[in-house]
Amino acid sequence: MFDIHASLRGAALHLRYLAFTWLGLTLAFASAVLIGAYTLHELGYERWIPDVEQVVVVESRVATPARATERMIASQLLLTPSLPQPLSGVAHVARVWEHEADVAPGAAWLPRRLLFADADIIEVFGLRSFAGDARAALATPGQLVLTREVAQAWFGSADGVLGRRVRVRMDGRTTPFTIGAIINKPAGPSHLDFGALARLDRDVTDAPHVFDNWASFSGRSYMRLRRDADRGAIERALDEAAAHGLRAQFGAAAQVSVRYALLPVASLHIGGRERLIDREANAADQVFVYGLVGVGVMIATLASANYAALNTAFASRRAREIALLRVVGATPRSIVWGMFVEATIVVLASLASAMMLAFAVLPFVNELLGFELSLAPLLTPAGVAGLAGFALALGALAGALPALSLANTDCARVLAGGGASARLRAGRQRFAVVAAQYGVSIALGSLTLIGFLQVQHMRESALGYDPHGLVILRDDTFGEGGLLEALRAAPGVHDVAASSNGPGVGARNEEILTLGNGDTLNIERVEIAEDFFATYRARLLAGAAPAQTARDEIVVNESALGALGIADAARAIGSAVDISGEARRVVGVVRDIRFGSARERARPVYYAMSQRTMFVAVRFIGVSDSAALGAVREIWRHHRADAPIDVRTAGQAIAQGAAADHRRNRVLAAFSWVGLLLALFGAYALSAYAAERGGREMAIRRVVGADGWSIAALHLRRAVAPALVGALVAAPIAYAFSEHWLSGFDARVQLAPLYILIVVLAALPVAALASVWEAAALAGAAPSARLRSS
Amino acid sequence: MIELSRVGKVFRNGMVETTALADLDLTIHAGDFVAVMGPSGCGKSTLLALLGLIERPTSGRYVLNGEDVSATPERIAAMRRRDLVGMIFQQYNLIDELTVAQNIELALRYRSLPEAERRTRVDEAMDRVAIAHRAKHYPGQLSGGQQQRAAIARAIVGQPKLILADEPTGNLDSASGTQIVDILKGLNAQGATLIMATHSQMQADQARHVVHMLDGRIVSAVAKAR
């Protein structure tokens with residue numbers, strides 16, 4: 001009978017191997033668990049919505065003769081009211097318009113994004129009232145609907161807040177609101193912030209033209225469809241409504257056409273389309289998420305394979321023990337069963353410690369990556385069953401498979417000292433596993449380095465303006481009370497200018513530009529005040545900035561010029577254009593300026609003068625960022641004592657714009673360290689195993705004249721070999737993945753093999769380091785002792 | 001060639017001390033063929049390991065080829081092993097991962113010899129022990145006699161002055177054993193000093209001198225008439 005107690009005692013004798021196996025498995029399983037939690041989070045966007053597959057958002061596809069079709073997760077606020085009512089297949093429809101505001105539930109002002117929406121949003125998203133009637137509140141002007149969490153944050157409790165008054169300041173106006181209802185929003189991530197909702201009303205904004213302009217794609221339309229809905233018919237109805245509206249606004253000659261598609265809201269985040277909504281690029285990258293799942297599976301598989309190979313190596317060492325057991329009457333079945341149980345115990349112990357480790361590090365992971373990951377889904381009966389199944393499968397792989405081969409070995413041959421070929425096979429398996437582990441860590445390390453370089457590139461270049469020394473301040477009062485003059489007079493301030501958009505701030509306002517020859521193109525409007533281009537240090541390629549009072553003068557960017565097919569910037573100066581029905585004249589051409597993520601393709605933009613622009617840019621020279629922020633805060637306190645300040649440096653704003661990429665980079669960096677650590681564990685175990693198994697070989701080499709140094713050098717060369725093999729496999733894969741990732745950026749670093757070579761060159765000494773101890777031990781070992789024992 | 005004066009060897013394992021060799025006095029001249037006999041555990045293998053510089057005496061003096069090597073540093077010992085000594089073991093001690101030719105070449109790896117010369121010497125050594133037809137085989141693919149012939153080729157490829165054979169026929173059938181002893185005798189006839197530990201009286205009878213050991217001591221040293 002195979003004695004499990006004796007077997008475990010035997011394993012305990014090899015504590016070093018056991019410790020490294022356990023540590024490696026624990027680390028790998030904990031990584032896999034965290035990756036699992038991250039994946040569930042990323043796949044969980046909008047999954048809290050009841051019957052989520054019936055909820056869609058309208059995507060607009062704007063086509064003009066001059067440009068390729070542009071896709072936007074936005075639509076005209078006129079669109080859904082123009083549909084025939086009721087529209088077959090549509091149960092509920094709601095428009096949404098988001099706007100930044102300051103809110104004062106008490107004396108203090110808080111920055112808050114408000115969601116202005118039609119009352120049907122309650123049904124579309126399946127929200128439930130906790131207090132009051134949310135639907136009735138959203139149908140009533142001046143009422144605010146809060147989630148329980150926001151009510152708690154503002155008033156200390158969600159109870160008894162109905163009827164409480166809140167001041168809202170937006171676009172320079174302060175409006176009183178009353179809390180009309182409190183809603184329960186089920187837990188789960190969403191691309192929408194449901195914290196504070198209000199009735200969608202043209203009176204809430206000082207840009208009412210967005211409500212009645214078919215060329216303005218300022219809102220979003222969501223629908224809850226009936227199960228039998230004909231989605232194609234609904235899309236056609238939308239197309240017809242827009243065609244009719246565009247004809248009514250621009251006449252029969254309008255060359256712009258809009259078609260619509262109904263996208264499942266659950267696909268917005270994971271499908272990367274959320275990026276078309278939010279400039280902060282919160283959107284998940286499907287390739288990244290699934291790639292990370294692959295990494296998690298690979299890490300767990302490699303650690304498992306490492307364990308299986310280690311166990312196989314041990315098993316071959318234990319061939320003598322097994323042969324003896326066979327001689328005294330053990331059956332092959334009892335041997336297989338015993339080794340399976342032994343391996344399963346080790347795997348279960350590692351899983352338990354991995355779960356504890358994952359729980360312990362989860363808060364740090366959330367803090368580091370800005371996530372709200374939870375391990376709760378893994379603790380459901382299905383999750384626990386899955387983990388237990390995994391433990392049994394790995395136990396079978398690591399324990400039973402080597403046992404199967406051992407149980408049928410030729411006892412007499414093993415007892416006579418045979419079995420060299422089995423040892424040889426085990427050695428090759430271990431080599432392959434360690435090479436694969438190095439390969440994974442080298443690939444992840446390369447992706448991390450290239451990701452880091454790309455994030456740096458996004459911060460430093462391709463912006464079209466100089467972010468250094470630039471501070472961005474939001475001022476809804478448009479400079480009332482001499483704020484701008486005070487900023488200009490501050491020490492170190494060189495220029496001050498306001499605009500509707502800035503680095504990481506401002507809404508995207510799309511319009512349609514029509515040339516004299518009838519060509520049209522989608523163009524984004526950015527409103528600017530005096531000194532805008534000078535303050536941002538944006539280079540004008542031709543012409544000049546518009547005159548302060550000339551509302552018809554505009555500056556277009558290079559992309560607009562390209563889209564119009566004009567090669568020479570100077571030729572564009574003086575051109576007459578029509579923008580959303582208003583006659584404008586091009587007076588300047590400026591380089592493309594990217595205020596959003598560097599992922600964004602540079603788009604056609606026009607800059608027009610306005611007196612009501614809320615983002616103030618302050619250019620400091622010779623002043624540190626912290627001093628500049630301090631100076632702006634001081635001036636703000638003096639001029640706006642009662643209002644919260646929303647200020648940041650351009651560098652911070654850019655970092656926020658690259659937050660998702662930065663976060664991905666951190667995830668990659670974290671797992672490349674895990675991969676490297678696992679590779680080191682594997683390499684150390686391989687080295688220790690090789691040292692023990694190769695001890696006889698080294699003794700023979702010593703007998704024929706090798707000295708200690710040559711023995712150590714040989715051992716180190718062998719330790720580095722799997723890293724080299726891993727690098728050879730990983731380098732092209734890392735290159736291909738990097739190229740794919742970088743292709744998503746309009747402004748990107750040029751990929752050079754050198755980057756991957758740097759990671760490989762860094763991995764080799766690390767691989768050698770993992771074996772130094774064993775190499776030194778081998779170099780100093782007396783050959784006689786080893787030969788005596790063999 | 002070899003002078004041992006009151007040589008002793010004690011192994012220490014924790015609190016336990018084992019005296020493997022005690023007060024050995026032995027002189028072996030260049031070109032001799034010496035057989036070392038005695039029961040298991042009498043110290044034959046330890047004596048050969050000591051003569052081959054893979055063990056050092058804990059007492060006494062060992063002069064090899066005119067040089068006192070009793071306490072020579074490992075680096076120097078490695079050079080002497082490389083240049084002077086060829087060792088043959090009962091368990092062959094071939095490296096499983098290397099072919100026969102590579103195992104033999106191993107003894108030249110630590111000398112500054114051009115690869116072409118290494119190859120020539122390996123071929124010659126394989127021819128001398130008639131193992132050339134197995135050059136590309138791995139040890140696991142050979143019979144015991146073939147493995148031992150490969151081990152002898154490795155021992156002689158460096159053209160050592162001293163060949164130490166520790167029960168070289170212990171794992172072989174009598175026919176293979178006879179072949180191996182014939183090869184060793186041939187090497188001795190060509191000028192190498194041969195010291196062979198053996199249990200076989202028949203093999204010992206072929207040596208010029210026979211040393212009998214018991215409990216780590218030499219109990220008799222007999223020169224045989226030819």
# chains A, B, ... in the order shown; residues from 1 in each chain; ligands from 1

$ select_by_dssp --residues "chain B" --states "alpha helix (DSSP H)" --output "PyMOL selection string"
chain B and resi 44-51+74-84+100-109+115-128+144-156+174-189+201-204

$ interface_residues --of "chain A" --to "chain B" --cutoff "6 Å" --atoms "only C-alpha atoms" --output "list of chain:residue names"
A:Glu697, A:Val704, A:Gly705, A:Ala706, A:Asp707, A:Ser784

$ residues_around --residues "region 147-150 of chain B" --least-positions-apart "2" --cutoff "7 Å" --atoms "only C-alpha atoms" --output "list in words"
Tyr92, Val100, Ile104, Val129, Ile131, Pro139, Leu142, Ser143, Gly144, Gly145, Ile152, Ala153, Arg154 and Ile180 of chain B

$ closest_residue --among "B:Val211, B:Asp68, B:Val34, B:Thr18" --to "Leu4 (chain B)" --atoms "only C-alpha atoms"
B:Asp68

$ atom_distance --atom1 "CA of Ala545 (chain A)" --atom2 "CA of Gly481 (chain A)"
26.0 Å

$ residues_around --residues "Ser190 (chain A)" --least-positions-apart "5" --cutoff "12 Å" --atoms "only C-alpha atoms" --output "CSV table (one decimal) with N, CA and C atoms, in the first residue's frame"
chain,number,residue,atom,x,y,z
A,41,HIS,N,-15.0,42.1,-13.5
A,41,HIS,CA,-15.4,43.5,-13.4
A,41,HIS,C,-15.5,44.2,-14.8
A,42,GLU,N,-14.6,43.9,-15.7
A,42,GLU,CA,-14.6,44.5,-17.0
A,42,GLU,C,-15.8,44.0,-17.8
A,43,LEU,N,-16.1,42.7,-17.6
A,43,LEU,CA,-17.2,42.1,-18.4
A,43,LEU,C,-18.5,42.5,-17.7
A,44,GLY,N,-18.5,43.0,-16.5
A,44,GLY,CA,-19.7,43.2,-15.7
A,44,GLY,C,-20.4,44.6,-16.0
A,45,TYR,N,-19.8,45.4,-16.9
A,45,TYR,CA,-20.4,46.7,-17.1
A,45,TYR,C,-21.8,46.6,-17.6
A,46,GLU,N,-22.7,47.3,-17.0
A,46,GLU,CA,-24.1,47.3,-17.3
A,46,GLU,C,-24.9,46.0,-17.1
A,47,ARG,N,-24.2,45.0,-16.6
A,47,ARG,CA,-24.8,43.7,-16.4
A,47,ARG,C,-25.8,43.7,-15.2
A,48,TRP,N,-25.8,44.8,-14.5
A,48,TRP,CA,-26.8,44.9,-13.4
A,48,TRP,C,-28.1,45.3,-13.9
A,49,ILE,N,-28.2,45.8,-15.2
A,49,ILE,CA,-29.5,46.2,-15.7
A,49,ILE,C,-30.4,45.0,-16.0
A,52,VAL,N,-30.7,43.2,-19.7
A,52,VAL,CA,-29.7,44.2,-20.3
A,52,VAL,C,-29.7,44.0,-21.8
A,125,PHE,N,-33.4,51.8,-17.8
A,125,PHE,CA,-32.4,51.1,-17.0
A,125,PHE,C,-32.9,50.3,-15.8
A,185,LYS,N,-29.8,52.1,-7.1
A,185,LYS,CA,-29.1,51.6,-8.3
A,185,LYS,C,-28.4,50.4,-7.9
A,195,GLY,N,-25.6,59.2,-10.3
A,195,GLY,CA,-25.6,59.8,-8.9
A,195,GLY,C,-26.6,60.9,-8.8
A,265,VAL,N,-26.1,48.2,-24.9
A,265,VAL,CA,-25.3,49.0,-24.0
A,265,VAL,C,-24.2,48.2,-23.3
A,266,ALA,N,-24.5,46.9,-23.2
A,266,ALA,CA,-23.5,46.0,-22.5
A,266,ALA,C,-22.2,45.9,-23.4
A,267,SER,N,-22.2,46.3,-24.6
A,267,SER,CA,-21.1,46.2,-25.5
A,267,SER,C,-20.2,47.4,-25.5
A,268,LEU,N,-20.7,48.5,-24.8
A,268,LEU,CA,-20.0,49.8,-24.9
A,268,LEU,C,-18.7,49.7,-24.3
A,269,HIS,N,-18.6,49.2,-23.0
A,269,HIS,CA,-17.4,49.2,-22.3
A,269,HIS,C,-16.3,48.3,-22.9
A,270,ILE,N,-16.7,47.0,-22.9
A,270,ILE,CA,-15.8,46.0,-23.3
A,270,ILE,C,-15.4,46.1,-24.8
A,274,GLU,N,-16.9,52.9,-25.5
A,274,GLU,CA,-17.1,53.9,-24.4
A,274,GLU,C,-16.1,55.1,-24.7
A,282,ASN,N,-12.0,55.7,-20.5
A,282,ASN,CA,-12.2,54.6,-19.5
A,282,ASN,C,-12.4,53.3,-20.1
A,283,ALA,N,-12.7,53.4,-21.4
A,283,ALA,CA,-13.1,52.2,-22.1
A,283,ALA,C,-12.1,51.0,-22.0
A,284,ALA,N,-12.6,49.8,-21.9
A,284,ALA,CA,-11.8,48.6,-21.8
A,284,ALA,C,-11.3,48.3,-23.2

$ atom_distance --atom1 "CA of His209 (chain B)" --atom2 "CA of Val222 (chain B)"
5.5 Å

$ select_by_dssp --residues "region 175-209 of chain B" --states "strand (DSSP E)" --output "PyMOL selection string"
chain B and resi 193-197+209

$ atom_distance --atom1 "CA of Val210 (chain B)" --atom2 "CA of Ala35 (chain B)"
4.7 Å

$ residues_around --residues "Arg173 (chain A)" --least-positions-apart "3" --cutoff "9 Å" --atoms "only C-alpha atoms" --output "JSON list (two decimals) with C-alpha atoms, in the first residue's frame"
[["chain", "number", "residue", "atom", "x", "y", "z"],
["A", 168, "VAL", "CA", -26.80, 74.00, -8.73],
["A", 169, "ARG", "CA", -24.40, 76.29, -10.56],
["A", 170, "MET", "CA", -23.90, 75.65, -14.24],
["A", 206, "ASP", "CA", -27.26, 78.47, -22.01],
["A", 476, "ASP", "CA", -18.45, 78.97, -14.79],
["A", 477, "THR", "CA", -18.75, 82.72, -14.37]]
